[in-house]
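Trainee: Got a structure here, written out as structure tokens. Questions coming.
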Amino acid sequence: MAKGSRLHKIIEGLSCQALFCRNMVFVISLVLICFVFPLYQLDPNRVVRGDPVFFSQLLSDSTILFLCLTGSFILLVFVIGSAFSQLISGLGILFLWTFPAWYWEGYPLASGYRVSPSIGFWLMHLVLFFYGVLGDTSKRNRTISWLVLAILIGIAVPLQDKSPLSLFIELRAQRTRLIGELLQHLRLSFFAFAGALAVSVPLGVLAAKKSVGKGFYAMAGILQTVPSLALFGLLMVPYRILAQQVPVLRRWGVSGIGAAPAITALGLYALLPLMTGIREGLRSVPAQTLEAGRGLGFSPWMLFLKVELPLAMPLVMAGTRTAFVQTLGNAALAPLIGAGGLGFFIFQGIGQTSTDMVLLGVFPLLLLTLGSDAILGALQKRLQRSLAHAHT
Amino acid sequence: MPILSFEKVNYWYGSQQAVKDLSFVLEEGEFAVIIGPSGCGKSTTLKMVNRLLDPTDGTILFMGRPLGSYDPVELRRSMGYAIQNVGLFPHWTVFENIATVPRLLKWPAESIKRRVLEILELVGLAPATYQHKYPAELSGGEAQRVGIARALAADPPLLLMDEPFGALDPMQRSRHQQALLDIQGKIKKTILMVTHDLDEAILLADRILIMNKGQLVQWDTPEAILKAPANAFVRKFLGTDRSLKRLIRRTIGERLKPAIPLVLGTPGIPDTDRSWAWVVDQDNTLKGWMSFEATNHDKWEDIISPLPTAETAVSPQTSLKDALSIMLSAGMKVLPVVDPRGRLMGEISMDAIEDLIKEGDPHEG
């Protein structure tokens, strides 16, 4: 017994050491970044780049304040960092984003000055991100972390109303446009996905059961290999011709450019993952189970509905998830053929060499894709758990 | 009225004939087993009964009406179906699996519940423990029992089984065979089973249907087939140990002879022409055996020889085949037969077994 508990203590000690080391590495890298790279930049206007802001400057300007801040952060890391790494990570990131509003409050905004994130800003994000992701915390702690962060974000957001951070300035300027393009992005994605779903379900079932389905499946595969941009372009011509020949469509707004070819292209792209999900899902149902079902007296339709489909669901969900997230991502290219969407900001930003504008398009897009992936993933896991005993 | 009747049934797989001119009748309450080498058409035959396959030619009557007159789906609901890999529905609990056919038949919920619990008891699975389990939590043997329960749930007039015990290990298999015999004893179902295991067929069947290359070769009781194989194929199929196989279904109880033991505490030697006797105590509990040649000892206990192993004291339910095997391994020509409490009921001799076999095997080899 004594030997066991001594070993136990050694292991505990080692893991404590590992955690301590991790926190040390984390803090040291943050400090290094702070001193080597500029955190922000003070630009006089949108085009001209201004002076970098180093941590050392901030320290010399308000020594006590920053020493306290740094000190309390380090303390926080060592006290709760191991158990609440997501919280530490979130706090750090939140702080970086809200700092300009707090520190440079009342800065001469009228003259067009803005605070842009600099290299140090992004590098700190990287370190904070890894710290949060690699943290081995319990589910309960993670939930607490997210709750606290949610509350803090809720408090902080309204306070960014007058933030001099360049991204927020851009956001304020483009707010209505952003909402419009976001809605358009969602519209394109949903219609494309719904259409693909409607087509792929019968085709996917066919592909799983009859040989004629193989042809459709191969076609969907070939479509995937066409680069999405090319597909968008390729569809312009047939749609233009279609709009010319069928005036009704033109009245509905169908033309060579715009939503119609975009939705079609996005839908065609979503076909493969959907069909694969359906086909593999149906194939994964053991033949013996279906034979037993038939022999017991299920009608073909009931067998499909009550046995085959539920058992196929996990893989079908996997395919659906891939297809949905992929569609959201691909829709970023839609503005290139005039269909609008969040990609609008990305391309505008590139054209105007305004990183802020690019980010204005990228962040909501990331939120959409990561968010829907997480939601669908949770749904999939819930489904797999209730069918946990399937497919042994 | 016979439950099932085949009349000159043929089945062609494209250009290959799987079943040829098959005719037989299955009476109510009969346990029939179809057996034969691989590819003889036995599974095909079974699948024609519940119309998973339709015969190319010939008539099959179920409950007096041709199969064609039934709707296939309705037909299958009135036949239990249990297959080798069971095919339990993994996303449903044991309860829901068993309730499958009653639900399809739209039984009221109360009846379904009652029936499921009842049938779980029948197949030897405690309802409280098993009804909420999922198939993945069951062992192979348990799953097979649930499969049988599922087949019997709606109390169909006919039960079809396709190599149900094929995927089980030998110990499980004999346990399941015995369990099936017990169930059959209780409910007397009409059963049509396909197997490739001859011993299983001999043990379970009321009548065996031997098939070869799609044709019926012999259709008779196991005893009759073993005593008089119809032709060289059957002889070869049964194997040269068919005499021994006849002993599978016979129990010691049939050939039990009374034994006159020596009772401890009573003076004198029992009245027998043998030079030895079983030794029992006042309660008739078997203690061993004793040779009469050594009688000048003070203590009886010194000269009582115990039995070589515990299994040599057999019960009346033991099969004659097992008894013979025990005799050979223990080197004894006579075995004592005891009741569950160990009290001597009689004895079984190798001669008696020999007589039984001689009783009816006119051919040799």
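Residues in the structure tokens are named by chain (A, B, ... in the order shown) and by number from 1 within that chain; ligands are numbered from 1 in the order shown.
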Output as a compact mmCIF listing (two decimals) with C-alpha atoms, in the first residue's frame the set of chain A residues within 12 Å of chain B, with distances taken over only C-alpha atoms.
Mentor:
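Result file is selection_20.txt:
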# COMPACT_ATOMS: atom_id res chain seq x y z
CA VAL A 285 -25.98 -1.65 -42.42
CA PRO A 286 -25.23 -5.37 -41.97
CA ALA A 287 -26.93 -7.56 -44.55
CA GLN A 288 -27.95 -10.09 -41.90
CA THR A 289 -29.93 -7.45 -40.07
CA LEU A 290 -31.86 -6.61 -43.21
CA GLU A 291 -32.44 -10.27 -44.01
CA ALA A 292 -33.76 -10.89 -40.54
CA GLY A 293 -36.03 -7.88 -40.93
CA ARG A 294 -37.39 -9.12 -44.24
CA GLY A 295 -37.88 -12.61 -42.87
CA LEU A 296 -39.77 -11.35 -39.85
CA GLY A 297 -42.27 -9.53 -42.02
CA PHE A 298 -41.20 -5.93 -42.54
CA SER A 299 -42.54 -4.46 -45.75
CA PRO A 300 -39.75 -3.07 -47.94
CA TRP A 301 -40.70 0.51 -47.13
CA MET A 302 -40.94 -0.06 -43.36
CA LEU A 303 -37.65 -1.93 -43.40
CA LYS A 306 -37.36 1.81 -39.40
CA VAL A 307 -34.20 -0.24 -39.72
CA GLU A 308 -32.00 0.76 -42.62
CA LEU A 309 -32.22 4.53 -42.35
CA PRO A 310 -31.65 4.80 -38.58
CA LEU A 311 -28.64 2.52 -38.86
CA ALA A 312 -27.27 4.50 -41.79
CA MET A 313 -27.63 7.81 -39.96
CA PRO A 314 -24.16 8.20 -38.39
CA LEU A 383 -26.82 10.35 -32.75
CA GLN A 384 -23.85 8.06 -32.49
CA ARG A 385 -24.34 7.72 -28.79
CA SER A 386 -27.95 6.65 -29.12
CA LEU A 387 -26.82 4.20 -31.78
CA ALA A 388 -23.65 3.52 -29.82
CA HIS A 389 -24.41 -0.09 -29.88
CA ALA A 390 -24.70 -0.33 -33.59
CA HIS A 391 -22.00 -1.53 -35.93
CA THR A 392 -20.05 -3.65 -33.54
Trainee: Neighbouring residues of range 249-256 of chain B were defined as those with any atom within 6 Å, considering only C-alpha atoms; residues of the same chain fewer than 4 positions away were excluded. Please report them as a PyMOL selection string.
Mentor: chain B and resi 203+316-320+347-348
Trainee: Could you save the residues just selected, with N, CA, C and O atoms, as an mmCIF file, in the first residue's frame?
Mentor:
data_model
loop_
_atom_site.group_PDB
_atom_site.id
_atom_site.type_symbol
_atom_site.label_atom_id
_atom_site.label_comp_id
_atom_site.auth_asym_id
_atom_site.auth_seq_id
_atom_site.Cartn_x
_atom_site.Cartn_y
_atom_site.Cartn_z
ATOM 1 N N LEU B 203 -30.087 -35.160 -32.485
ATOM 2 C CA LEU B 203 -30.552 -34.844 -31.142
ATOM 3 C C LEU B 203 -31.911 -34.167 -31.149
ATOM 4 O O LEU B 203 -32.781 -34.450 -30.325
ATOM 5 N N PRO B 316 -30.040 -40.826 -14.791
ATOM 6 C CA PRO B 316 -30.883 -41.496 -15.791
ATOM 7 C C PRO B 316 -31.052 -40.666 -17.062
ATOM 8 O O PRO B 316 -31.402 -41.201 -18.109
ATOM 9 N N GLN B 317 -30.817 -39.336 -16.972
ATOM 10 C CA GLN B 317 -30.999 -38.490 -18.154
ATOM 11 C C GLN B 317 -29.791 -38.481 -19.073
ATOM 12 O O GLN B 317 -29.867 -38.002 -20.192
ATOM 13 N N THR B 318 -28.674 -39.024 -18.577
ATOM 14 C CA THR B 318 -27.473 -39.028 -19.419
ATOM 15 C C THR B 318 -27.709 -39.875 -20.656
ATOM 16 O O THR B 318 -28.363 -40.922 -20.586
ATOM 17 N N SER B 319 -27.180 -39.423 -21.793
ATOM 18 C CA SER B 319 -27.375 -40.186 -23.020
ATOM 19 C C SER B 319 -26.535 -41.457 -22.979
ATOM 20 O O SER B 319 -25.500 -41.517 -22.313
ATOM 21 N N LEU B 320 -26.982 -42.454 -23.708
ATOM 22 C CA LEU B 320 -26.247 -43.714 -23.733
ATOM 23 C C LEU B 320 -24.881 -43.519 -24.376
ATOM 24 O O LEU B 320 -23.925 -44.213 -24.056
ATOM 25 N N GLU B 347 -28.322 -49.729 -12.283
ATOM 26 C CA GLU B 347 -27.063 -49.709 -12.992
ATOM 27 C C GLU B 347 -27.291 -49.851 -14.494
ATOM 28 O O GLU B 347 -28.355 -50.286 -14.938
ATOM 29 N N ILE B 348 -26.257 -49.457 -15.259
ATOM 30 C CA ILE B 348 -26.319 -49.586 -16.714
ATOM 31 C C ILE B 348 -25.061 -50.327 -17.145
ATOM 32 O O ILE B 348 -23.948 -50.005 -16.702
#
Trainee: Just list as a VMD selection string whatever in range 79-261 of chain B DSSP marks as alpha helix (DSSP H).
Mentor: chain B and resid 94 to 98 100 to 104 109 to 122 127 to 130 140 to 152 170 to 187 198 to 204 222 to 227 232 to 238 242 to 245
Trainee: With C-alpha atoms retained, export the selected residues as a compact mmCIF listing (two decimals), in the first residue's frame.
Mentor:
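The new file selection22.txt reads:
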# COMPACT_ATOMS: atom_id res chain seq x y z
CA VAL B 94 -33.84 -6.51 -26.44
CA PHE B 95 -37.45 -5.70 -25.57
CA GLU B 96 -38.02 -3.77 -28.79
CA ASN B 97 -36.34 -6.47 -30.85
CA ILE B 98 -38.57 -9.16 -29.47
CA THR B 100 -40.93 -6.50 -33.58
CA VAL B 101 -43.56 -8.83 -35.01
CA PRO B 102 -46.24 -8.16 -32.39
CA ARG B 103 -45.81 -4.47 -33.17
CA LEU B 104 -46.10 -5.14 -36.89
CA ALA B 109 -49.23 -2.46 -25.82
CA GLU B 110 -50.22 -4.44 -22.74
CA SER B 111 -50.24 -7.75 -24.61
CA ILE B 112 -46.90 -6.97 -26.18
CA LYS B 113 -45.33 -6.24 -22.82
CA ARG B 114 -46.75 -9.38 -21.26
CA ARG B 115 -45.68 -11.54 -24.16
CA VAL B 116 -42.11 -10.19 -24.30
CA LEU B 117 -41.53 -10.84 -20.61
CA GLU B 118 -43.09 -14.28 -20.96
CA ILE B 119 -40.94 -15.24 -23.90
CA LEU B 120 -37.76 -13.99 -22.25
CA GLU B 121 -38.49 -16.35 -19.37
CA LEU B 122 -39.10 -19.15 -21.82
CA PRO B 127 -36.50 -10.19 -18.08
CA ALA B 128 -35.43 -7.71 -15.42
CA THR B 129 -31.79 -8.01 -16.45
CA TYR B 130 -32.14 -8.29 -20.18
CA GLY B 140 -23.15 -14.57 -28.74
CA GLY B 141 -25.25 -17.09 -26.87
CA GLU B 142 -27.50 -14.48 -25.32
CA ALA B 143 -28.00 -12.81 -28.68
CA GLN B 144 -29.02 -16.10 -30.24
CA ARG B 145 -31.57 -16.65 -27.50
CA VAL B 146 -33.01 -13.20 -28.12
CA GLY B 147 -33.17 -14.10 -31.80
CA ILE B 148 -35.20 -17.19 -31.00
CA ALA B 149 -37.40 -15.22 -28.63
CA ARG B 150 -37.98 -12.69 -31.38
CA ALA B 151 -38.95 -15.46 -33.77
CA LEU B 152 -41.42 -16.92 -31.30
CA PRO B 170 -19.37 -26.21 -28.93
CA MET B 171 -20.23 -25.69 -25.28
CA GLN B 172 -22.75 -22.98 -26.05
CA ARG B 173 -24.10 -25.04 -28.87
CA SER B 174 -24.98 -28.04 -26.72
CA ARG B 175 -26.48 -25.75 -24.09
CA HIS B 176 -28.63 -24.06 -26.71
CA GLN B 177 -29.67 -27.36 -28.24
CA GLN B 178 -30.78 -28.58 -24.87
CA ALA B 179 -32.60 -25.31 -24.22
CA LEU B 180 -34.38 -25.62 -27.54
CA LEU B 181 -35.42 -29.15 -26.68
CA ASP B 182 -36.81 -27.90 -23.38
CA ILE B 183 -38.71 -25.10 -25.08
CA GLN B 184 -40.07 -27.49 -27.64
CA GLY B 185 -41.16 -29.76 -24.84
CA LYS B 186 -43.13 -26.88 -23.35
CA ILE B 187 -44.72 -25.34 -26.40
CA LEU B 198 -25.50 -34.20 -38.01
CA ASP B 199 -25.32 -34.71 -34.25
CA GLU B 200 -27.50 -31.67 -33.76
CA ALA B 201 -30.03 -33.03 -36.23
CA ILE B 202 -30.11 -36.40 -34.55
CA LEU B 203 -30.55 -34.84 -31.14
CA LEU B 204 -33.29 -32.37 -32.01
CA PRO B 222 -33.34 -40.28 -36.87
CA GLU B 223 -33.55 -43.77 -35.48
CA ALA B 224 -34.93 -45.18 -38.73
CA ILE B 225 -32.28 -43.41 -40.82
CA LEU B 226 -29.45 -44.55 -38.60
CA LYS B 227 -30.72 -48.11 -38.53
CA ALA B 232 -24.57 -45.42 -50.10
CA PHE B 233 -24.63 -41.63 -49.94
CA VAL B 234 -26.61 -41.61 -46.72
CA ARG B 235 -24.37 -44.29 -45.25
CA LYS B 236 -21.33 -42.21 -46.08
CA PHE B 237 -22.99 -39.05 -44.84
CA LEU B 238 -23.93 -40.59 -41.52
CA ARG B 242 -23.67 -44.23 -36.98
CA SER B 243 -24.29 -46.95 -34.45
CA LEU B 244 -22.88 -44.66 -31.83
CA LYS B 245 -24.98 -41.82 -33.16
Trainee: At a cut-off of 7 Å, using only C-alpha atoms, what residues contact Gly120 in chain A? Leave out same-chain residues fewer than 4 positions from it and give the result as a list in words.
Mentor: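 So, after excluding close chain neighbours, the residues are Ile33, Cys34, Phe37, Pro38, Leu39 and Met124 of chain A.
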Trainee: CA of Ile357 in chain B to CA of Phe24 in chain B: how many Å, to one decimal?
Mentor: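 CA of Phe24 in chain B lies 28.9 Å from CA of Ile357 in chain B.
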Trainee: Please compute the CA of Leu165 in chain A-CA of Phe35 in chain A distance, one decimal, in Å.
Mentor: 21.0 Å
Trainee: Between CA of Leu128 in chain A and CA of Ile88 in chain A, what is the spacing in Å?
Mentor: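 About the pair CA of Ile88 in chain A and CA of Leu128 in chain A: they are 8.0 Å apart.
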Trainee: Leaving out range 27-32 of chain A and any residue of its chain fewer than 3 positions from it, which residues lie within 12 Å of it when counting only C-alpha atoms, given as an MDAnalysis selection string?
Mentor: chainID A and resid 20:24 35:39 54:56 70:78 81 88:89 92 120:131
Trainee: Take the residues just selected and output them with N, CA and C atoms as a compact mmCIF listing (two decimals), in the first residue's frame.
Mentor:
# COMPACT_ATOMS: atom_id res chain seq x y z
N PHE A 20 3.59 22.80 -14.56
CA PHE A 20 4.37 23.99 -14.21
C PHE A 20 5.23 24.41 -15.39
N CYS A 21 5.88 23.42 -16.00
CA CYS A 21 6.72 23.72 -17.16
C CYS A 21 5.91 24.37 -18.26
N ARG A 22 4.73 23.82 -18.48
CA ARG A 22 3.91 24.35 -19.56
C ARG A 22 3.55 25.81 -19.28
N ASN A 23 3.14 26.06 -18.06
CA ASN A 23 2.80 27.44 -17.73
C ASN A 23 4.00 28.37 -17.87
N MET A 24 5.17 27.86 -17.45
CA MET A 24 6.39 28.67 -17.58
C MET A 24 6.65 29.00 -19.04
N PHE A 35 8.23 41.84 -25.81
CA PHE A 35 9.40 42.72 -25.86
C PHE A 35 10.05 42.79 -27.23
N VAL A 36 9.87 41.76 -28.03
CA VAL A 36 10.53 41.74 -29.32
C VAL A 36 9.69 42.41 -30.40
N PHE A 37 8.40 42.13 -30.42
CA PHE A 37 7.57 42.61 -31.52
C PHE A 37 6.64 43.71 -31.08
N PRO A 38 6.30 44.61 -32.01
CA PRO A 38 5.30 45.64 -31.66
C PRO A 38 3.92 45.02 -31.55
N LEU A 39 3.15 45.50 -30.58
CA LEU A 39 1.83 44.95 -30.36
C LEU A 39 0.80 45.61 -31.27
N PHE A 54 5.29 49.42 -28.78
CA PHE A 54 5.92 48.30 -28.11
C PHE A 54 5.47 48.22 -26.66
N PHE A 55 5.59 47.07 -26.13
CA PHE A 55 5.21 46.88 -24.73
C PHE A 55 6.09 47.73 -23.82
N SER A 56 7.36 47.83 -24.20
CA SER A 56 8.28 48.60 -23.39
C SER A 56 7.83 50.05 -23.29
N THR A 70 0.52 42.77 -15.78
CA THR A 70 1.33 41.60 -16.11
C THR A 70 1.41 40.66 -14.92
N GLY A 71 1.68 41.26 -13.75
CA GLY A 71 1.82 40.46 -12.54
C GLY A 71 0.57 39.63 -12.25
N SER A 72 -0.59 40.28 -12.33
CA SER A 72 -1.82 39.54 -12.01
C SER A 72 -2.11 38.47 -13.04
N PHE A 73 -1.76 38.76 -14.29
CA PHE A 73 -2.00 37.74 -15.33
C PHE A 73 -1.13 36.51 -15.07
N ILE A 74 0.15 36.76 -14.79
CA ILE A 74 1.05 35.63 -14.53
C ILE A 74 0.56 34.84 -13.32
N LEU A 75 0.13 35.56 -12.29
CA LEU A 75 -0.39 34.89 -11.11
C LEU A 75 -1.58 34.00 -11.48
N LEU A 76 -2.47 34.58 -12.26
CA LEU A 76 -3.67 33.85 -12.68
C LEU A 76 -3.29 32.57 -13.42
N VAL A 77 -2.27 32.71 -14.29
CA VAL A 77 -1.85 31.54 -15.08
C VAL A 77 -1.41 30.42 -14.16
N PHE A 78 -0.57 30.76 -13.18
CA PHE A 78 -0.03 29.70 -12.35
C PHE A 78 -1.04 29.14 -11.37
N GLY A 81 -4.31 28.20 -14.27
CA GLY A 81 -4.03 27.91 -15.67
C GLY A 81 -4.21 26.46 -16.05
N ILE A 88 -8.04 31.25 -19.41
CA ILE A 88 -6.84 32.09 -19.52
C ILE A 88 -6.68 32.55 -20.96
N SER A 89 -6.77 31.58 -21.87
CA SER A 89 -6.62 31.87 -23.29
C SER A 89 -7.64 32.91 -23.73
N GLY A 92 -6.94 36.39 -22.32
CA GLY A 92 -5.84 37.04 -23.02
C GLY A 92 -6.29 37.63 -24.34
N GLY A 120 3.07 41.48 -33.13
CA GLY A 120 3.02 40.97 -31.76
C GLY A 120 1.61 40.54 -31.38
N PHE A 121 0.65 41.33 -31.79
CA PHE A 121 -0.76 41.05 -31.52
C PHE A 121 -1.13 39.64 -32.02
N TRP A 122 -0.79 39.35 -33.27
CA TRP A 122 -1.17 38.06 -33.85
C TRP A 122 -0.36 36.92 -33.25
N LEU A 123 0.92 37.16 -32.98
CA LEU A 123 1.74 36.10 -32.39
C LEU A 123 1.22 35.72 -31.01
N MET A 124 0.79 36.72 -30.27
CA MET A 124 0.24 36.41 -28.96
C MET A 124 -1.02 35.57 -29.10
N HIS A 125 -1.80 35.89 -30.12
CA HIS A 125 -2.99 35.06 -30.38
C HIS A 125 -2.62 33.61 -30.59
N LEU A 126 -1.55 33.42 -31.36
CA LEU A 126 -1.10 32.06 -31.65
C LEU A 126 -0.78 31.32 -30.37
N VAL A 127 0.04 31.98 -29.53
CA VAL A 127 0.46 31.34 -28.28
C VAL A 127 -0.74 31.08 -27.38
N LEU A 128 -1.60 32.07 -27.28
CA LEU A 128 -2.80 31.92 -26.43
C LEU A 128 -3.68 30.79 -26.95
N PHE A 129 -3.81 30.73 -28.26
CA PHE A 129 -4.64 29.69 -28.88
C PHE A 129 -4.13 28.30 -28.54
N PHE A 130 -2.82 28.12 -28.73
CA PHE A 130 -2.27 26.80 -28.44
C PHE A 130 -2.40 26.44 -26.97
N TYR A 131 -2.20 27.43 -26.13
CA TYR A 131 -2.31 27.17 -24.69
C TYR A 131 -3.73 26.69 -24.35
Trainee: Near Ser85 in chain A, counting only C-alpha atoms, which residues have an atom at most 9 Å away, once you skip same-chain residues fewer than 5 positions from it, shown as a list in words?
Mentor: Val77, Ile80, Gly90, Tyr131, Gly132, Val133, Leu134, Gly135, Asp136, Thr137, Arg142 and Ser145 of chain A
Trainee: Considering only C-alpha atoms, state which residue in the set A:Ser62, A:Gln352, A:Gly180, A:Ala260 is at the smallest distance from Val237 in chain A.
Mentor: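 Residue with the minimum atom-to-atom distance to Val237 in chain A: A:Ala260.
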Trainee: For a quick check of understanding, using only C-alpha atoms, which of B:Ile34, B:Asp220, B:Gly166, B:Asp339 has the smallest distance to Asn284 in chain B?
Mentor: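 Of B:Ile34, B:Asp220, B:Gly166, B:Asp339, the one nearest Asn284 in chain B, counting only C-alpha atoms, is B:Asp339.
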Trainee: With distances taken over only C-alpha atoms, which residue among B:Met327, B:Val9, B:Leu125, B:Leu22 lies nearest Asn212 in chain B?
Mentor: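 Looking only at the distances to Asn212 in chain B, the closest residue turns out to be B:Leu22.
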Trainee: Could you make a table, as a Markdown table, of the residues of range 164-274 of chain A that have an atom within 9 Å of an atom of range 353-371 of chain A, each with its nearest atom pair and distance in Å to one decimal, counting only C-alpha atoms, in chain and number order?
Mentor:
| residue | atom | partner | partner_atom | distance |
| --- | --- | --- | --- | --- |
| A:Ser166 | CA | A:Asp356 | CA | 6.8 |
| A:Leu167 | CA | A:Asp356 | CA | 5.2 |
| A:Phe168 | CA | A:Asp356 | CA | 8.7 |
| A:Glu170 | CA | A:Asp356 | CA | 6.7 |
| A:Leu171 | CA | A:Leu360 | CA | 6.9 |
| A:Gln174 | CA | A:Leu360 | CA | 9.0 |
| A:Leu178 | CA | A:Gly361 | CA | 8.0 |
| A:Leu182 | CA | A:Pro364 | CA | 8.0 |
Trainee: Restricted to all heavy atoms, what would the selected residues look like written as a compact mmCIF listing (two decimals), in the first residue's frame?
Mentor:
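Okay, out26.txt is ready:
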# COMPACT_ATOMS: atom_id res chain seq x y z
N SER A 166 -8.63 49.46 -35.47
CA SER A 166 -8.93 49.66 -36.89
C SER A 166 -10.05 48.75 -37.37
O SER A 166 -10.91 49.14 -38.14
CB SER A 166 -7.68 49.43 -37.72
OG SER A 166 -7.18 48.13 -37.47
N LEU A 167 -10.02 47.50 -36.90
CA LEU A 167 -11.03 46.55 -37.34
C LEU A 167 -12.42 47.01 -36.93
O LEU A 167 -13.38 46.89 -37.71
CB LEU A 167 -10.75 45.18 -36.74
CG LEU A 167 -11.04 44.06 -37.72
CD1 LEU A 167 -9.76 43.44 -38.16
CD2 LEU A 167 -11.95 43.04 -37.12
N PHE A 168 -12.53 47.55 -35.74
CA PHE A 168 -13.84 47.99 -35.27
C PHE A 168 -14.29 49.23 -36.01
O PHE A 168 -15.49 49.41 -36.25
CB PHE A 168 -13.82 48.23 -33.76
CG PHE A 168 -13.68 46.96 -32.95
CD1 PHE A 168 -13.11 46.98 -31.70
CD2 PHE A 168 -14.13 45.75 -33.45
CE1 PHE A 168 -12.97 45.82 -30.95
CE2 PHE A 168 -14.01 44.59 -32.71
CZ PHE A 168 -13.42 44.62 -31.46
N GLU A 170 -13.59 49.85 -39.11
CA GLU A 170 -14.07 49.33 -40.38
C GLU A 170 -15.45 48.71 -40.22
O GLU A 170 -16.33 48.90 -41.06
CB GLU A 170 -13.07 48.26 -40.86
CG GLU A 170 -13.11 47.99 -42.34
CD GLU A 170 -12.61 49.18 -43.14
OE1 GLU A 170 -11.53 49.70 -42.84
OE2 GLU A 170 -13.34 49.59 -44.06
N LEU A 171 -15.62 48.00 -39.11
CA LEU A 171 -16.90 47.34 -38.86
C LEU A 171 -18.01 48.36 -38.73
O LEU A 171 -19.09 48.21 -39.31
CB LEU A 171 -16.80 46.51 -37.57
CG LEU A 171 -18.08 45.81 -37.11
CD1 LEU A 171 -18.53 44.79 -38.14
CD2 LEU A 171 -17.85 45.12 -35.78
N GLN A 174 -18.93 49.66 -42.14
CA GLN A 174 -19.53 48.73 -43.08
C GLN A 174 -20.66 47.91 -42.49
O GLN A 174 -21.08 46.92 -43.06
CB GLN A 174 -18.45 47.74 -43.58
CG GLN A 174 -17.25 48.40 -44.20
CD GLN A 174 -17.52 48.78 -45.64
OE1 GLN A 174 -18.65 48.62 -46.13
NE2 GLN A 174 -16.51 49.28 -46.30
N LEU A 178 -22.20 44.68 -44.20
CA LEU A 178 -21.79 43.38 -43.67
C LEU A 178 -22.99 42.48 -43.43
O LEU A 178 -23.01 41.32 -43.81
CB LEU A 178 -20.99 43.57 -42.37
CG LEU A 178 -20.47 42.26 -41.74
CD1 LEU A 178 -19.47 41.59 -42.66
CD2 LEU A 178 -19.84 42.52 -40.40
N LEU A 182 -23.73 39.07 -45.28
CA LEU A 182 -23.84 37.87 -44.45
C LEU A 182 -25.13 37.12 -44.78
O LEU A 182 -25.13 35.90 -44.99
CB LEU A 182 -23.80 38.25 -42.97
CG LEU A 182 -24.00 37.11 -41.96
CD1 LEU A 182 -22.85 36.12 -42.06
CD2 LEU A 182 -24.11 37.65 -40.56
Trainee: Nearest to Ile119 in chain A among A:Val246, A:Ala374, A:Val53, A:Ile11, with distances taken over only C-alpha atoms: which residue is it?
Mentor: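 Closest residue, counting only C-alpha atoms: A:Val53.
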Trainee: Please identify all polymer residues within 8 Å of Glu27 in chain B, counting only C-alpha atoms, omitting same-chain residues fewer than 5 positions from it, and present them as a list in words.
Mentor: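 Non-adjacent residues within range: Met1, Pro2, Ile3, Leu4 and Thr190 of chain B.
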Trainee: Can I get the selected residues back with C-alpha atoms, as a PDB file, in the first residue's frame?
Mentor:
ATOM      1  CA  MET B   1     -53.966 -30.741 -41.318  1.00  0.00           C
ATOM      2  CA  PRO B   2     -50.314 -30.567 -42.176  1.00  0.00           C
ATOM      3  CA  ILE B   3     -48.740 -27.192 -41.526  1.00  0.00           C
ATOM      4  CA  LEU B   4     -46.468 -27.307 -44.527  1.00  0.00           C
ATOM      5  CA  THR B 190     -43.860 -26.894 -35.627  1.00  0.00           C
TER       6      THR B 190
END
Trainee: Considering only C-alpha atoms, can you say which of A:Pro100, A:Gly377, A:Gly343, A:Gly319 comes closest to Gly204 in chain A?
Mentor: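 Among the listed residues, the smallest separation from Gly204 in chain A belongs to A:Gly319.
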Trainee: Mind listing the strand (DSSP E) residues of range 22-232 of chain B, per DSSP on the backbone, as JSON, numbers by chain?
Mentor: {"B": [22, 23, 24, 25, 26, 31, 32, 33, 34, 35, 57, 58, 59, 60, 61, 62, 65, 66, 79, 80, 81, 82, 83, 158, 159, 160, 161, 162, 190, 191, 192, 193, 194, 195, 207, 208, 209, 210, 211, 212, 215, 216, 217, 218, 219, 220]}
